[in-house]
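Colleague: If you scroll down you'll find the structure; I have some questions about it.
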Amino acid sequence: MREFDVQIGAFTAEIEEELKSGNLSFPTVFDLSLRIKQLADDPNASVEDMAKVVRAEPVLSAKVLKMANSLLLNPYQREISNVSAAVSRVGSSALRCLAYAVAADQLARDQRSRQMQLVASGLWMHSIDVASWAYAFARHLGRGNPDTALLAGLMTHMGQFYLMAMAARRPAIESDLREFAQFVLKWETAVRQAVLEAFELPEQIIDAVNVDLVTPITWPPRSLGDVLFLAIQAAETPNPFADILGLGHRPELLEASLGDDGRAEFNALVAAARETRQQMLAVVTGD
């Protein structure tokens, strides 16, 4: 028996046990995200309490300051130079997104092999691509809170991130990326649901993230799930696991969603929202 089969079998048993018990073993890269979440949910926590946590993580501090000074949140460009003021300007929802972004970026860096680093980096870029489009579409359509759409976009592939982080302890898994990709896509829905519940995210986000991506929506978009569906279709960076298995974009789903009248309106939306998407992408990546 291949070492890959031994390790993937043990991995399967571990995931099954975690899902059955409801006790997920979050990798340490998510500690910061969980701490920010706890403070954001605590009615007694102050902006300064959150700022103290942010200051302890230089990468997150830099991202928060950059977002607070971006044209999206600071159109008059009055410079914000301290973390407390930046946290106040950004807000708890966006702060959660940035903390998760730091964790996902670190996860990509922590992979042992160049091959797995490329997969993790590709997943990270795809996720923030989707999230940035979701933010931009929500903002331009006036469909709900753009920060909520941003968080929902980042959470879309949370199950895949969790499985990648857990796989880092099993080096033989990288010997067969195609089978590993099949494993990830098989388990991602159940794992993502468990992670979202552990994060105690609002039902609106959980419902949106669980949108059926193989069923067309009805144009125009009316819900956060519809916005997320369109963001996934608009993403210009592929999901690496889908790419490995030859499961790329399905343009027929978008065409069935738009109909005869919606195509021109969707193209106009993409054109109008592109600059906002680019600005958010730059904020989250730090570029």
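Ligands are numbered from 1 in the order shown, chains are lettered A, B, ... in the order of the structure tokens, and residues start at 1 in each chain.
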Taking only residues of segment 122-236 of chain A that have an atom at most 6 Å from an atom of segment 270-278 of chain A, what is each one's shortest atom pair and its distance in Å to one decimal, using only C-alpha atoms, in chain and number order, as CSV?
Modeller:
```
residue,atom,partner,partner_atom,distance
A:Ser132,CA,A:Arg277,CA,5.0
A:Trp133,CA,A:Arg277,CA,5.4
A:Ala136,CA,A:Arg277,CA,5.2
```
Colleague: Report, in Å with one decimal, the straight-line distance from atom CA of Asp129 of chain A to atom CA of Asn239 of chain A.
Modeller: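 That distance, rounded to one decimal, is 10.2 Å.
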Colleague: For a quick check of understanding, using only C-alpha atoms, which of A:His249, A:Arg89, A:Arg169, A:Arg263 has the smallest distance to Ala234 of chain A?
Modeller: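 Between A:His249, A:Arg89, A:Arg169, A:Arg263, the residue approaching Ala234 of chain A most closely is A:His249.
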Colleague: Pick the closest to Pro220 of chain A from A:Arg178, A:Lys186, A:Arg143, A:Lys37: which is it, counting only C-alpha atoms?
Modeller: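 Once distances to Pro220 of chain A are computed over only C-alpha atoms, the minimum belongs to A:Arg143.
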Colleague: Could you find all residues in segment 2-153 of chain A that DSSP calls alpha helix (DSSP H) from the backbone, and write them as an MDAnalysis selection string?
Modeller: chainID A and resid 3:21 31:41 47:55 58:68 83:90 92:110 114:141 146:153
